[in-house]
Structures are given as C-alpha cells and as structure tokens.
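Raw final_5.txt, compact mmCIF, C-alpha atoms:
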# COMPACT_ATOMS: atom_id res chain seq x y z
CA MET W 1 -24.84 -75.90 39.37
CA GLU W 2 -23.18 -77.26 42.49
CA ARG W 3 -19.77 -76.39 41.21
CA ALA W 4 -20.85 -72.90 40.38
CA LEU W 5 -22.18 -72.41 43.92
CA LYS W 6 -18.96 -73.66 45.40
CA ARG W 7 -16.91 -71.36 43.26
CA GLY W 8 -19.18 -68.50 44.23
CA SER W 9 -18.73 -69.15 47.96
CA THR W 10 -14.94 -69.46 47.76
CA GLY W 11 -14.95 -66.25 45.74
CA ALA W 12 -16.91 -64.54 48.52
CA ALA W 13 -14.55 -65.92 51.16
CA ASP W 14 -11.56 -64.70 49.19
CA ARG W 15 -13.18 -61.33 48.73
CA LEU W 16 -13.81 -61.17 52.47
CA LYS W 17 -10.26 -62.23 53.21
CA ASN W 18 -8.84 -59.63 50.84
CA SER W 19 -11.23 -56.86 51.80
CA ASN W 20 -9.71 -53.80 53.42
CA PHE W 21 -11.58 -54.34 56.66
CA ALA W 22 -10.37 -57.89 57.15
CA GLN W 23 -6.80 -56.86 56.44
CA ALA W 24 -6.98 -53.93 58.77
CA TRP W 25 -8.69 -55.68 61.67
CA LEU W 26 -5.56 -55.46 63.82
CA ILE W 27 -5.28 -51.73 63.26
CA LEU W 28 -8.97 -51.20 64.03
CA VAL W 29 -8.75 -53.25 67.24
CA LEU W 30 -5.56 -51.50 68.31
CA ALA W 31 -7.07 -48.10 67.57
CA LEU W 32 -10.03 -48.94 69.81
CA ILE W 33 -7.83 -50.17 72.65
CA PHE W 34 -5.40 -47.24 72.39
CA GLY W 35 -8.27 -44.78 72.09
CA ALA W 36 -9.81 -46.11 75.28
CA ALA W 37 -6.43 -45.94 77.05
CA LEU W 38 -5.92 -42.33 75.97
CA ALA W 39 -9.43 -41.41 77.08
CA ALA W 40 -8.71 -42.89 80.50
CA VAL W 41 -5.44 -40.93 80.73
CA GLN W 42 -7.21 -37.73 79.74
CA VAL W 43 -10.02 -38.23 82.26
CA ASN W 44 -7.52 -38.84 85.04
CA LEU W 45 -4.98 -36.14 84.24
CA SER W 46 -6.84 -33.22 82.63
CA GLY W 47 -7.87 -31.86 86.03
CA ILE W 48 -4.31 -31.96 87.34
CA ILE W 49 -2.95 -30.28 84.20
CA ALA W 50 -5.54 -27.48 84.36
CA ALA W 51 -4.77 -26.99 88.06
CA ASN W 52 -1.03 -26.82 87.26
CA LYS W 53 -1.66 -23.99 84.81
CA LEU W 54 -3.75 -21.99 87.27
CA ASN W 55 -1.41 -22.69 90.18
CA GLU W 56 1.58 -21.46 88.24
CA THR W 57 -0.04 -18.03 88.11
CA LEU W 58 -1.59 -18.12 91.58
CA GLU W 59 1.66 -19.16 93.25
CA ARG W 60 3.37 -16.06 91.91
CA VAL W 61 0.65 -13.59 92.89
CA PRO W 62 1.65 -12.92 96.55
CA GLU W 63 5.32 -12.23 95.78
CA LEU W 64 4.41 -9.85 92.96
CA VAL W 65 2.42 -7.72 95.41
CA PHE W 66 4.33 -8.06 98.67
CA GLY W 67 7.83 -8.88 97.38
CA ALA W 68 9.49 -12.30 97.47
CA ALA W 69 10.80 -12.12 101.06
CA ALA W 70 7.59 -10.77 102.60
CA ALA W 71 5.45 -13.25 100.64
CA ALA W 72 7.56 -16.18 101.88
CA GLY W 73 7.11 -14.96 105.44
CA MET W 74 3.36 -14.62 104.97
CA THR W 75 2.89 -18.15 103.68
CA SER W 76 4.83 -19.54 106.64
CA GLN W 77 2.71 -17.51 109.05
CA ASN W 78 -0.47 -18.44 107.20
CA ALA W 79 -1.43 -14.77 106.91
CA SER W 80 -4.92 -13.99 105.66
CA VAL W 81 -4.11 -13.15 102.04
CA ASP W 82 -7.10 -13.33 99.73
CA ILE W 83 -6.73 -13.63 95.97
CA THR W 84 -9.83 -13.04 93.83
CA PRO W 85 -9.59 -13.59 90.08
CA GLY W 86 -11.52 -11.30 87.76
CA THR W 87 -11.62 -9.69 84.34
CA VAL W 88 -11.45 -6.01 83.54
CA THR W 89 -13.05 -4.75 80.35
CA VAL W 90 -11.23 -1.93 78.61
CA ARG W 91 -13.17 0.02 75.96
CA LYS W 92 -11.01 2.39 73.97
CA ASP W 93 -12.54 4.08 70.95
CA ILE W 94 -13.95 1.16 69.01
CA LYS W 95 -11.64 -1.49 70.45
CA THR W 96 -12.58 -3.55 73.45
CA SER W 97 -9.94 -5.59 75.25
CA TYR W 98 -10.01 -7.77 78.33
CA TYR W 99 -7.41 -8.32 81.02
CA ASN W 100 -7.44 -11.15 83.49
CA LEU W 101 -6.38 -9.94 86.90
CA PHE W 102 -6.26 -10.88 90.56
CA ARG W 103 -7.30 -8.66 93.45
CA VAL W 104 -5.07 -9.27 96.46
CA THR W 105 -6.25 -8.34 99.93
CA HIS W 106 -4.36 -8.68 103.17
CA GLU W 107 -6.43 -8.89 106.35
CA GLY W 108 -9.42 -7.49 104.52
CA LYS W 109 -7.56 -4.46 103.12
CA LEU W 110 -6.74 -4.04 99.43
CA ALA W 111 -3.01 -4.76 99.05
CA GLY W 112 -2.63 -4.61 95.29
CA TRP W 113 -3.43 -6.06 91.88
CA VAL W 114 -1.82 -8.61 89.63
CA VAL W 115 -2.61 -8.13 85.93
CA LYS W 116 -1.99 -10.73 83.25
CA ALA W 117 -0.86 -9.32 79.89
CA GLY W 118 0.74 -10.57 76.71
CA GLY W 119 2.21 -9.50 73.42
CA GLN W 120 4.54 -10.43 70.61
CA GLY W 121 8.14 -11.09 71.60
CA TYR W 122 11.16 -11.72 69.40
CA ALA W 123 10.36 -15.39 68.83
CA ASP W 124 6.82 -15.99 70.02
CA LYS W 125 4.12 -14.62 72.28
CA ILE W 126 5.32 -13.43 75.66
CA GLU W 127 2.91 -13.69 78.58
CA ILE W 128 3.62 -11.88 81.82
CA ILE W 129 1.93 -10.98 85.10
CA ILE W 130 2.48 -7.55 86.61
CA GLY W 131 2.05 -6.66 90.27
CA LEU W 132 0.64 -3.18 91.02
CA ASP W 133 -0.05 -1.26 94.21
CA PRO W 134 -3.74 -0.47 95.04
CA GLY W 135 -3.78 2.76 93.02
CA ALA W 136 -1.79 1.27 90.10
CA ASP W 137 0.83 4.01 90.62
CA THR W 138 3.81 1.76 91.30
CA ILE W 139 4.89 -1.59 89.90
CA THR W 140 5.45 -4.09 92.70
CA GLY W 141 6.65 -7.05 90.67
CA LEU W 142 6.88 -8.77 87.30
CA PHE W 143 6.98 -12.42 86.29
CA VAL W 144 7.22 -14.02 82.86
CA LEU W 145 4.77 -16.91 82.50
CA GLN W 146 5.49 -17.90 78.93
CA GLN W 147 8.20 -17.07 76.40
CA LYS W 148 10.21 -18.76 73.68
CA GLU W 149 12.95 -16.14 73.34
CA THR W 150 16.48 -17.09 72.26
CA PRO W 151 18.13 -19.25 74.94
CA GLY W 152 21.15 -17.51 76.42
CA LEU W 153 20.04 -14.07 75.24
CA GLY W 154 16.35 -13.20 75.17
CA ASN W 155 15.35 -15.74 77.77
CA LYS W 156 17.20 -13.62 80.33
CA ILE W 157 13.97 -11.61 80.61
CA THR W 158 12.83 -14.40 82.94
CA PHE W 159 15.82 -14.00 85.27
CA PRO W 160 15.07 -12.20 88.55
CA ARG W 161 18.10 -9.98 87.97
CA TRP W 162 16.44 -8.42 84.94
CA ARG W 163 12.77 -8.46 85.82
CA ASN W 164 13.32 -7.15 89.35
CA GLN W 165 14.34 -3.76 87.98
CA PHE W 166 10.64 -3.13 87.32
CA ILE W 167 9.95 -3.21 91.06
CA ARG W 168 9.23 0.24 92.55
CA LYS W 169 9.08 1.86 89.10
CA LYS W 170 6.33 4.50 88.78
CA THR W 171 3.68 3.73 86.18
CA SER W 172 3.84 7.21 84.63
CA PRO W 173 5.64 8.45 82.64
CA PRO W 174 5.81 5.22 80.56
CA LEU W 175 8.91 3.06 80.96
CA VAL W 176 11.67 3.42 78.39
CA VAL W 177 14.24 0.78 77.42
CA THR W 178 17.83 2.05 77.47
CA LYS W 179 21.13 0.40 76.58
CA GLY W 180 23.63 0.80 79.36
CA LYS W 181 22.94 2.30 82.75
CA SER W 182 20.67 5.34 82.77
CA GLN W 183 19.84 7.55 85.72
CA ALA W 184 16.28 8.26 84.54
CA SER W 185 13.67 6.97 86.98
CA ASN W 186 11.64 5.33 84.21
CA ALA W 187 14.60 3.64 82.49
CA ILE W 188 14.69 -0.14 82.00
CA ASP W 189 18.13 -1.52 81.20
CA ALA W 190 17.93 -3.78 78.13
CA VAL W 191 19.26 -7.33 78.24
CA THR W 192 22.59 -7.25 76.38
CA GLY W 193 22.01 -8.70 72.92
CA ALA W 194 18.26 -8.91 73.39
CA THR W 195 16.95 -5.38 72.95
CA ILE W 196 13.86 -6.59 71.10
CA SER W 197 12.83 -8.98 73.89
CA SER W 198 13.43 -6.23 76.47
CA ARG W 199 11.37 -3.75 74.46
CA SER W 200 8.57 -6.31 74.05
CA VAL W 201 8.23 -6.87 77.78
CA THR W 202 8.43 -3.16 78.56
CA GLY W 203 5.88 -2.43 75.83
CA ILE W 204 3.50 -5.04 77.23
CA VAL W 205 3.87 -3.49 80.70
CA ASN W 206 3.24 0.05 79.42
CA ARG W 207 0.23 -0.95 77.37
CA ALA W 208 -1.35 -3.04 80.13
CA ILE W 209 -0.89 -0.33 82.73
CA GLY W 210 -2.18 2.35 80.37
CA ASP W 211 -5.26 0.23 79.78
CA VAL W 212 -6.13 -0.81 83.32
CA LYS W 213 -5.07 2.30 85.23
CA GLY W 214 -8.17 4.13 86.43
CA ARG W 215 -10.30 1.11 85.55
CA LEU W 216 -9.56 -0.89 88.67
CA THR W 217 -13.01 -0.18 90.09
CA PRO W 218 -15.90 -2.51 90.91
CA ALA W 219 -17.82 -1.08 87.94
CA THR W 220 -15.36 -2.31 85.33
CA ILE W 221 -14.15 -5.54 86.94
CA ARG W 222 -16.14 -8.74 87.01
CA PHE W 223 -14.92 -11.00 89.81
CA TYR W 224 -15.28 -14.75 89.83
CA GLU W 225 -16.01 -16.82 92.85
CA ARG W 226 -12.95 -18.93 93.61
CA GLN W 227 -13.38 -22.65 93.60
CA PRO W 228 -12.68 -24.05 97.04
CA MET K 229 15.72 -66.67 62.32
CA THR K 230 18.50 -68.36 64.21
CA ASP K 231 21.13 -65.79 63.34
CA LEU K 232 19.28 -62.91 65.02
CA PRO K 233 21.18 -61.49 68.01
CA THR K 234 20.38 -62.82 71.47
CA PRO K 235 18.80 -60.56 74.12
CA SER K 236 22.16 -59.85 75.79
CA GLU K 237 23.76 -59.05 72.43
CA ARG K 238 20.88 -56.70 71.65
CA PHE K 239 21.36 -54.98 75.00
CA ILE K 240 25.11 -54.46 74.58
CA GLN K 241 24.82 -53.37 70.95
CA GLY K 242 22.47 -50.51 71.81
CA ILE K 243 24.86 -48.94 74.29
CA LEU K 244 27.94 -48.50 72.12
CA PRO K 245 28.54 -50.73 69.07
CA GLU K 246 25.20 -49.66 67.56
CA ASN K 247 24.63 -46.48 69.56
CA PRO K 248 21.49 -44.86 68.09
CA VAL K 249 23.04 -41.39 67.98
CA TYR K 250 26.76 -41.93 67.27
CA ARG K 251 26.52 -45.08 65.14
CA GLN K 252 23.11 -44.99 63.48
CA LEU K 253 22.81 -41.18 63.47
CA LEU K 254 19.13 -41.43 64.40
CA GLY K 255 17.05 -39.24 66.68
CA LEU K 256 19.15 -36.19 65.96
CA CYS K 257 16.30 -33.70 66.36
CA PRO K 258 16.01 -34.12 70.15
CA THR K 259 19.78 -34.71 70.33
CA LEU K 260 20.40 -31.21 69.02
CA ALA K 261 17.34 -29.46 70.43
CA VAL K 262 17.10 -30.37 74.11
CA THR K 263 20.76 -30.80 75.08
CA ASN K 264 21.38 -27.23 76.29
CA GLY K 265 20.94 -28.47 79.85
CA LEU K 266 21.41 -31.75 81.69
CA LYS K 267 17.90 -31.86 83.19
CA PRO K 268 15.95 -31.55 79.92
CA ALA K 269 18.36 -34.00 78.24
CA LEU K 270 17.81 -36.63 80.96
CA THR K 271 14.04 -36.12 80.90
CA MET K 272 14.03 -36.55 77.13
CA ALA K 273 16.17 -39.70 77.40
CA VAL K 274 13.82 -41.22 79.99
CA ALA K 275 10.73 -40.27 77.93
CA VAL K 276 12.20 -41.86 74.80
CA GLY K 277 13.22 -44.91 76.85
CA VAL K 278 9.71 -45.42 78.23
CA VAL K 279 8.11 -45.07 74.79
CA LEU K 280 10.72 -47.32 73.20
CA LEU K 281 10.29 -50.07 75.79
CA SER K 282 6.48 -49.94 75.69
CA ALA K 283 6.32 -49.90 71.89
CA ASN K 284 8.86 -52.72 71.56
CA ILE K 285 6.93 -54.91 74.01
CA ILE K 286 3.56 -54.36 72.30
CA ILE K 287 4.98 -54.86 68.80
CA SER K 288 6.83 -57.99 69.88
CA LEU K 289 3.64 -59.43 71.41
CA ILE K 290 1.62 -58.94 68.22
CA ARG K 291 4.48 -59.62 65.78
CA ASN K 292 2.83 -62.76 64.36
CA LEU K 293 -0.35 -60.85 63.54
CA LEU K 294 1.41 -58.10 61.58
CA LYS K 295 0.78 -57.86 57.85
CA PRO K 296 3.90 -56.73 55.99
CA HIS K 297 2.24 -53.84 54.16
CA LEU K 298 0.40 -52.56 57.23
CA ARG K 299 3.16 -52.88 59.81
CA ILE K 300 4.32 -49.25 59.67
CA VAL K 301 0.79 -48.07 60.48
CA VAL K 302 0.71 -50.35 63.52
CA PHE K 303 4.15 -49.10 64.65
CA THR K 304 3.13 -45.46 64.33
CA LEU K 305 -0.20 -46.01 66.08
CA THR K 306 1.49 -47.73 69.02
CA ILE K 307 4.26 -45.15 69.31
CA ALA K 308 1.85 -42.20 69.06
CA THR K 309 -0.29 -43.63 71.85
CA PHE K 310 2.60 -44.01 74.28
CA VAL K 311 4.05 -40.61 73.38
CA THR K 312 0.70 -38.98 74.13
CA ILE K 313 0.52 -40.76 77.48
CA VAL K 314 4.08 -39.66 78.38
CA ASP K 315 3.29 -36.10 77.25
CA ARG K 316 0.20 -35.91 79.47
CA LEU K 317 2.04 -37.45 82.42
CA LEU K 318 4.81 -34.85 82.13
CA ALA K 319 2.27 -32.02 81.93
CA ALA K 320 0.53 -33.36 85.02
CA TYR K 321 3.49 -34.21 87.24
CA MET K 322 6.48 -32.28 85.84
CA TYR K 323 4.73 -29.18 84.55
CA GLN K 324 7.80 -26.91 84.36
CA MET K 325 9.85 -29.55 82.54
CA SER K 326 7.01 -30.19 80.12
CA LYS K 327 6.99 -26.47 79.31
CA THR K 328 10.77 -26.46 78.81
CA LEU K 329 10.68 -29.39 76.41
CA GLY K 330 7.72 -27.87 74.58
CA PRO K 331 7.03 -29.56 71.23
CA TYR K 332 9.92 -32.03 71.52
CA ILE K 333 7.93 -34.54 73.58
CA PRO K 334 5.13 -34.86 70.97
CA LEU K 335 7.89 -35.03 68.35
CA ILE K 336 9.10 -38.34 69.83
CA ILE K 337 6.37 -39.85 67.62
CA VAL K 338 8.58 -39.22 64.60
CA ASN K 339 11.80 -40.19 66.38
CA CYS K 340 13.37 -42.70 64.00
CA ILE K 341 15.08 -44.67 66.78
CA ILE K 342 11.79 -46.13 67.98
CA ILE K 343 10.33 -47.05 64.61
CA CYS K 344 13.75 -48.46 63.66
CA ARG K 345 13.84 -50.74 66.72
CA CYS K 346 10.25 -51.88 66.07
CA GLU K 347 11.22 -52.80 62.52
CA VAL K 348 14.67 -54.29 63.19
CA CYS K 349 14.06 -56.12 66.44
CA ALA K 350 10.58 -56.09 67.98
CA SER K 351 8.69 -57.28 64.88
CA ARG K 352 11.03 -60.29 64.56
CA GLN K 353 12.03 -61.36 68.07
CA ASN K 354 10.37 -62.35 71.32
CA VAL K 355 9.48 -60.01 74.17
CA LEU K 356 12.69 -60.67 76.09
CA ALA K 357 14.93 -59.74 73.17
CA ALA K 358 12.75 -56.75 72.31
CA SER K 359 12.86 -55.46 75.89
CA ALA K 360 16.62 -55.93 76.17
CA ASP K 361 17.01 -54.15 72.85
CA ALA K 362 14.82 -51.24 74.00
CA VAL K 363 16.69 -50.83 77.29
CA GLY K 364 20.08 -51.00 75.57
CA GLN K 365 19.13 -48.48 72.89
CA ALA K 366 17.57 -46.20 75.52
CA ILE K 367 20.77 -46.28 77.58
CA GLY K 368 22.80 -45.56 74.46
CA PHE K 369 20.52 -42.64 73.59
CA GLY K 370 20.67 -41.37 77.17
CA LEU K 371 24.48 -41.53 77.23
CA ALA K 372 24.72 -39.64 73.95
CA LEU K 373 22.35 -36.91 75.13
CA THR K 374 23.99 -36.63 78.54
CA GLY K 375 27.45 -36.30 76.99
CA ILE K 376 26.42 -33.44 74.74
CA ALA K 377 24.31 -31.75 77.43
CA VAL K 378 27.09 -31.81 80.05
CA ILE K 379 29.58 -30.17 77.67
CA ARG K 380 27.09 -27.58 76.43
CA GLU K 381 25.74 -26.63 79.85
CA ILE K 382 29.15 -26.33 81.52
CA LEU K 383 30.70 -24.27 78.73
CA GLY K 384 27.56 -22.28 77.98
CA THR K 385 26.41 -21.35 81.47
CA GLY K 386 29.14 -22.52 83.86
CA MET K 387 26.53 -24.67 85.56
CA ILE K 388 25.59 -28.31 85.63
CA ALA K 389 21.91 -29.17 86.17
CA GLY K 390 21.45 -25.60 87.43
CA VAL K 391 24.27 -25.81 90.00
CA GLN K 392 27.24 -23.49 89.59
CA LEU K 393 30.31 -25.55 88.69
CA MET K 394 32.82 -23.23 87.04
CA PRO K 395 34.21 -20.22 88.94
CA THR K 396 31.80 -17.29 88.62
CA ALA K 397 34.47 -15.47 86.58
CA TRP K 398 33.88 -18.02 83.80
CA PRO K 399 32.76 -16.12 80.70
CA SER K 400 29.80 -18.23 79.62
CA TRP K 401 30.12 -19.23 75.98
CA VAL K 402 26.59 -18.30 75.00
CA ILE K 403 26.99 -19.99 71.61
CA MET K 404 27.15 -23.37 73.34
CA VAL K 405 23.54 -23.17 74.57
CA LEU K 406 22.38 -21.82 71.19
CA PRO K 407 21.69 -24.15 68.24
CA PRO K 408 25.20 -23.77 66.73
CA GLY K 409 26.66 -25.08 69.98
CA ALA K 410 24.64 -28.27 69.54
CA PHE K 411 26.06 -28.85 66.06
CA LEU K 412 29.63 -28.05 67.16
CA THR K 413 29.51 -30.32 70.20
CA PHE K 414 27.80 -33.14 68.36
CA GLY K 415 30.19 -32.92 65.41
CA LEU K 416 33.28 -32.98 67.63
CA LEU K 417 31.97 -35.87 69.75
CA LEU K 418 31.07 -37.80 66.60
CA ALA K 419 34.59 -37.23 65.26
CA LEU K 420 36.03 -38.38 68.59
CA VAL K 421 33.98 -41.58 68.58
CA ASN K 422 35.02 -42.30 65.00
CA TRP K 423 38.68 -41.55 65.76
CA ILE K 424 38.71 -43.87 68.80
CA ASP K 425 37.04 -46.52 66.69
CA SER K 426 39.50 -46.26 63.80
CA THR K 427 42.60 -46.31 66.02
CA ARG K 428 41.24 -49.32 67.85
CA SER K 429 40.51 -51.25 64.67
CA LYS K 430 43.97 -50.31 63.33
CA ASN K 431 45.59 -51.67 66.50
CA GLU K 432 43.56 -54.84 66.23
CA GLY K 433 44.55 -55.15 62.58
CA SER K 434 48.31 -54.84 63.29
CA GLY K 435 48.02 -57.15 66.31
CA GLY K 436 46.31 -59.87 64.28
What is this file in structure tokens?
Amino acid sequence: MERALKRGSTGAADRLKNSNFAQAWLILVLALIFGAALAAVQVNLSGIIAANKLNETLERVPELVFGAAAAAGMTSQNASVDITPGTVTVRKDIKTSYYNLFRVTHEGKLAGWVVKAGGQGYADKIEIIIGLDPGADTITGLFVLQQKETPGLGNKITFPRWRNQFIRKKTSPPLVVTKGKSQASNAIDAVTGATISSRSVTGIVNRAIGDVKGRLTPATIRFYERQP
Amino acid sequence: MTDLPTPSERFIQGILPENPVYRQLLGLCPTLAVTNGLKPALTMAVAVGVVLLSANIIISLIRNLLKPHLRIVVFTLTIATFVTIVDRLLAAYMYQMSKTLGPYIPLIIVNCIIICRCEVCASRQNVLAASADAVGQAIGFGLALTGIAVIREILGTGMIAGVQLMPTAWPSWVIMVLPPGAFLTFGLLLALVNWIDSTRSKNEGSGG
C-alpha cells in the first residue's frame, strides 16, 4: 500500500516535470516579460508615430499652395497660414468616393486646396498630394507621399525636377503624358524608362481633379476641427 | 568548454576571419536589398547590431535555463521582441529612414546572423564573450554593407550619402542601384576577398 502510494506520487512528479507547461515555463515567462516591454514601447511611441505620419503631409501643404520659396519665407515670418483638414464626398452614378483634403487660408482669405489621392503604380500603390488654386483651375504643386517604384527609374517621380512640371498646369483639358519634349500646354514629360509610373501619377492627378473640381464647396466638404 | 574562443578572439573573428557576410554568407537579404545607398546600409547595420547585442546578452544570461529542444523558440522570441522595438523606434524618431527601409527592418527577425550567434556563442558562453561576439559580428556586418553600398551608390548615382561626389557629367550606372547591381557588386567583392585570402595562404605556405 505504502509502496504503491510512493510510486504514484513519483509518477505524478515525473508527469509534472515532463508536462508541456513545466518544460515551457521559460518561454511563458519570457513571453510575458517581452509582451509587457512591447506594450510599454507601443504606449510611449504610438503617438509620436501617428504624429509623424500626419506631419509628413502637413509639412508639405504650404509649399504645394504657395510654392517652395514663398512657403519658406512665410514660415520664417510666421505668417497667418491656416490649414483645415476635411473630407470631400464625391458621388458619381452609383459610386461614392472620398478624398481627404486640406483647405489653406492666408490671412483669412482662401489661398488654395491640397487634395490627397492615390492609385496603382508600376510596383505598388502610389499616394500623392496635389496643390490647387482656390477655383481648382490650376495645379500649384505636387508631392509623392508613398511609392515603391523601381529605384533609379520609376522613383524619379519623387524628384522635384519631374514633379515640378505639374506646377502652373491648367486642370482642363486633362494632362497627357508624352515621351520627349512637347509644346502642348497639358503635356507631362514622362520619366525616361518609367512611362508607366509617369502615367500612373498623371492619371491619379486627372482623376482626382475631375472628381473634386466643382465640389470644393461647404456643402460637399466636411471639415474637422484641428487638434491644438 | 575550455576550448571555446575568448571574448577578444570572438570580437576579432567577427570582423574579418569569420565575417558574417563574406565568410559565413549569412544575412544576404539585407546585404543585397538595402545597399543602394550608404545611409540605409548604415542604418540597417546599426539596427542589426543593436538587436544582435541585446539578443546575445539575454540569451547568454539565461543560457543555463535553456532546454535543448526549446532553445530555438526562445531565440526567436527574444530576437522578434528586440526587432519590434527597433522598428518602432525608427518609425518614431527616423520616420523617413523607416519608410526607406520598409519591410527590411521587420525582416531582421529572420536574419540568420543573429540566430547563428545565439546558437554558436551566446547559448554557451558568458555575457562578456557574448557581447564581444555581438559587437565583432555587427562591425563585420557593417563593414560588408558599407563596402557594397559605397560602390553601388557612387557608380549608380554619382553621390555618396546623398552628396555629389563624381563630376556631374558622370553617367550614372542605373543598374548599380537596381537589384542586379547588388549581385554584381557582392559577387565581385566576394571573389576579391577569396582571392586575397588564397594568395595570402599560398604565401604563408611557401614561407613555411
């Protein structure tokens, strides 16, 4: 009887020792510690990362409306430029699309709009912001926020030399991508070796402008209060 | 246990004799992917170095608690944690660079250099040796990446770390900043390292 009990207890101890939980105790403890550490990192950094994303867009807004040189001058003079984010709803036939945009005012007067738009590029989604004058008749600037185009070829769409050719272009007729220099006022010179990337960006611009033009009114835009 | 290398030996070995890239041919994914510029290459080298050092220290501290059949899980868990921390830190304080490196920072988790050092050194030796090993291997990895990046950026864009170096008339060899340029540069450098090595051993052989 006694022997049997003893054997039973050592059996239980062995079972405990060989059980998955006992073997994995180190992993479980480490997982808890690491999980807590990651939670702490996330709590401390998520705000900064979100702010980085918003700032990246906001920082570009003045130069897309006023031009790089004028915008630099304004920030140094602390001019009263107001940027209000909002969303415009575009209903076309049965399709409804939304564009995030920023209304830019200078000393209380409407100075222009910056519209965020995106579409498929050669490699991945391309996301751009387009600066427009108050009536959305003229493009005042273009900046590429996100792209994964081929380095050395397609990624030249981010270079000022290429994207600055959109500045002062009229919004109608639609822009057309050409290879080699063209005299047409709506011609966009393609990046050599990256016609698809060039066409993508130009297509995104045409589509966005076609959608928002005439809809930049208080009735169709919902503005958000900016966080202080 | 006594024939394991000393901390200083570990440190020296990582830099050249056992260079992770040229000798062990490990960590080739970031070696090929982020070396089209000096800045991303250096950032990647520092990120790998930080993860390697942290993982080696932790693994070395708990090396006596490791069960042989569960050790890989512990290595991966530790590495993944530090990679996530580095990834978040980059996104918070070097946002542009974190966008440039894209998925290659999270991919450090599967970088074989780190798991290799945990297995070879940190799970067998004390913290001092493991740290020296991590620093040496990180320097070796950094040197390898920098070498490839400098060649690719200069030939591919005429610039170094974004600063114009070659005369502006330089016709940038676009292929050098594209993936084939990474393979070409790496292959030629690997051949060079092997050639230097073989001539040196030949000289030593004839001398002795």
Point to revise | Surrounding residues of Gly390 in chain K excluding itself and chain neighbours under 3 positions, 10 Å, all atoms listed in the file, as a list of chain:residue names | key: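 Once the nearby chain positions are removed, what remains is K:Gly265, K:Leu266, K:Lys267, K:Glu381, K:Ile382, K:Thr385, K:Gly386, K:Met387, K:Leu393.
When CA of Pro151 in chain W is paired with CA of Val405 in chain K, their separation reads 6.7 Å.
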**Study point:** Residues within 9 Å of Arg60 in chain W, only C-alpha atoms, excluding chain neighbours under 4 positions, as a PyMOL selection string
**Key:** chain W and resi 55-56+64+129+143
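Distance annotation: of W:Ala190, W:Ala208, W:Ile48, W:Ala68, the residue with the minimal separation from Met322 in chain K is W:Ile48; atom set is all atoms listed in the file.
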Review point. Suppose you want the space between CA of Val81 in chain W and CA of Pro62 in chain W; what is it in Å?
Key: 8.0 Å
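For the atom pair formed by CA of Cys340 in chain K and CA of Ala362 in chain K, the distance is 13.2 Å, given to one decimal.
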Exercise for review: Could you please tell me, as a PyMOL selection string, which residues of chain W have an atom within 12 Å of chain K when using only C-alpha atoms?
Suggested key: chain W and resi 20+22-56+145-156+192-193
Check your understanding: Skipping near chain neighbours, those fewer than 2 positions away, what residues fall within 12 Å of Ile243 in chain K using all atoms listed in the file, listed as a list of chain:residue names?
Key ->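 With the cut-off at 12 Å, the set is K:Ser236, K:Glu237, K:Arg238, K:Phe239, K:Ile240, K:Gln241, K:Pro245, K:Glu246, K:Asn247, K:Pro248, K:Val249, K:Tyr250, K:Arg251, K:Gln252, K:Ala360, K:Asp361, K:Ala362, K:Val363, K:Gly364, K:Gln365, K:Ala366, K:Ile367, K:Gly368, K:Phe369, K:Gly370, K:Leu371, K:Ala372.
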**Study point:** Using only C-alpha atoms: which of K:Leu420, K:Ile307, K:Ile286, K:Val278 has the shortest distance to Pro334 in chain K
**Key:**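 Checking each candidate against Pro334 in chain K, we get K:Ile307 as the closest.
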